[in-house]
Amino acid sequence: ATFENDGDVFYSYSDDGGETWSVPEKIFTRDHSNDTTWGAMRGITINYNGDDPCISFETAWQDFAAGQYRQGDANSLYFWSPAVNGGVAKVLLDTSWANWNPGGGANDVMMGVSRPVLSRSESEGFLLLAFNAATAEVDPVDFSPFFAGYFMYSTDGGDTWTDPEKFTPDTPLLDFRHPSIPEVSPVSMTDDGVITVHIAIVGDPEAGSTVNGVNLH
């Protein structure tokens with residue numbers, strides 16, 4: 001069965017410590033004329049640029065009537081802020097830019113580009129975004145792709161962004177997932193525009209975040 005807001009994304013805020021909340025504002029609407037289409041998945045993150053809320057979220061190809069998703073299909077990361085793109089959520093990037101492996105692996109609800117996390121800098125007015133992306137490297141047993149960690153930043157409140165930069169090493173081969181940045185990050189910048197940001201991420205020699213069957217991992 002499908003529900004009225006399946007796959008949509010909403011924003012709501014509280015200015016009294018969570019006791020009461022604003023009426024939810026829909027910031028992304030999937031195509032409700034089709035049961036099988038792109039809709040919001042698990043990864044979503046929020047921060048602020050001044051007084052403007054900023055949200056990044058992932059979408060995935062899903063069969064909403066059957067309650068199923070397609071882990072191997074292409075997917076996207078979106079960005080929304082009322083001050084950007086007329087308040088319409090826009091695709092920040094999708095799997096077309098990455099050398100990702102679309103098939104096989106643990107059924108761990110981890111899309112090709114996923115688990116975004118937004119931070120803002122203590123100074124300079126930057127928005128910082130980290131996420132993980134699948135690579136072409138796969139586990140030889142169950143074909144789970146190894147993921148890498150990527151980072152990008154915006155100096156204009158999310159209107160434009162730097163190209164994604166991989167911050168995890170190629171060797172040793174580890175499966176990097178679930179990056180984390182402090183909500184407000186100390187950022188240092190050199191004279192030539194290079195910034196330093198501290199990011200934590202989980203690295204595992206076994207690919208796949210769940211065990212996928214008998215005698216695997």
# chains A, B, ... in the order shown; residues from 1 in each chain; ligands from 1

$ residues_around --residues "Ala133 (chain A)" --least-positions-apart "5" --cutoff "12 Å" --atoms "only C-alpha atoms" --output "PyMOL selection string"
chain A and resi 58+74-77+93-102+110-116+145-151+164-168+175-179

$ select_by_dssp --residues "chain A" --states "helix (DSSP H, G or I)" --output "count of residues only"
6

$ closest_residue --among "A:Asn47, A:Thr59, A:Ser22, A:Asn85" --to "Thr160 (chain A)" --atoms "only C-alpha atoms"
A:Asn85

$ closest_atom_pairs --of "region 64-157 of chain A" --to "region 4-12 of chain A" --cutoff "12 Å" --atoms "only C-alpha atoms" --output "tab-separated table"
residue	atom	partner	partner_atom	distance
A:Phe64	CA	A:Asp6	CA	7.2
A:Ala65	CA	A:Asp6	CA	9.7
A:Ala66	CA	A:Asp6	CA	12.0
A:Gly67	CA	A:Asp6	CA	10.0
A:Gln68	CA	A:Gly7	CA	11.9
A:Tyr69	CA	A:Gly7	CA	11.2
A:Tyr78	CA	A:Val9	CA	10.7
A:Phe79	CA	A:Val9	CA	11.4
A:Trp80	CA	A:Tyr11	CA	10.0
A:Ser81	CA	A:Tyr11	CA	10.2
A:Pro82	CA	A:Tyr11	CA	10.8
A:Val88	CA	A:Val9	CA	11.9
A:Ala89	CA	A:Val9	CA	9.9

$ atom_distance --atom1 "CA of Pro186 (chain A)" --atom2 "CA of Glu122 (chain A)"
5.4 Å

$ closest_residue --among "A:Asp51, A:Met41, A:Ile46, A:Asp142" --to "Asp63 (chain A)" --atoms "only C-alpha atoms"
A:Met41

$ decode --residues "region 21-41 of chain A" --atoms "C-alpha atoms" --output "CSV table (one decimal), in the first residue's frame"
chain,number,residue,atom,x,y,z
A,21,TRP,CA,6.6,22.7,16.3
A,22,SER,CA,5.8,24.6,13.2
A,23,VAL,CA,3.4,23.2,10.5
A,24,PRO,CA,5.6,20.9,8.4
A,25,GLU,CA,6.7,22.4,5.1
A,26,LYS,CA,7.0,20.0,2.2
A,27,ILE,CA,10.4,20.6,0.6
A,28,PHE,CA,10.5,17.6,-1.8
A,29,THR,CA,7.6,15.8,-3.5
A,30,ARG,CA,8.1,12.5,-5.4
A,31,ASP,CA,6.0,11.6,-8.4
A,32,HIS,CA,2.9,10.3,-6.8
A,33,SER,CA,1.4,9.4,-10.1
A,34,ASN,CA,3.7,6.3,-10.2
A,35,ASP,CA,4.2,3.7,-7.5
A,36,THR,CA,7.7,3.1,-8.7
A,37,THR,CA,9.8,6.2,-8.8
A,38,TRP,CA,12.6,8.1,-7.0
A,39,GLY,CA,11.8,9.1,-3.5
A,40,ALA,CA,13.5,10.0,-0.2
A,41,MET,CA,15.6,7.3,1.4
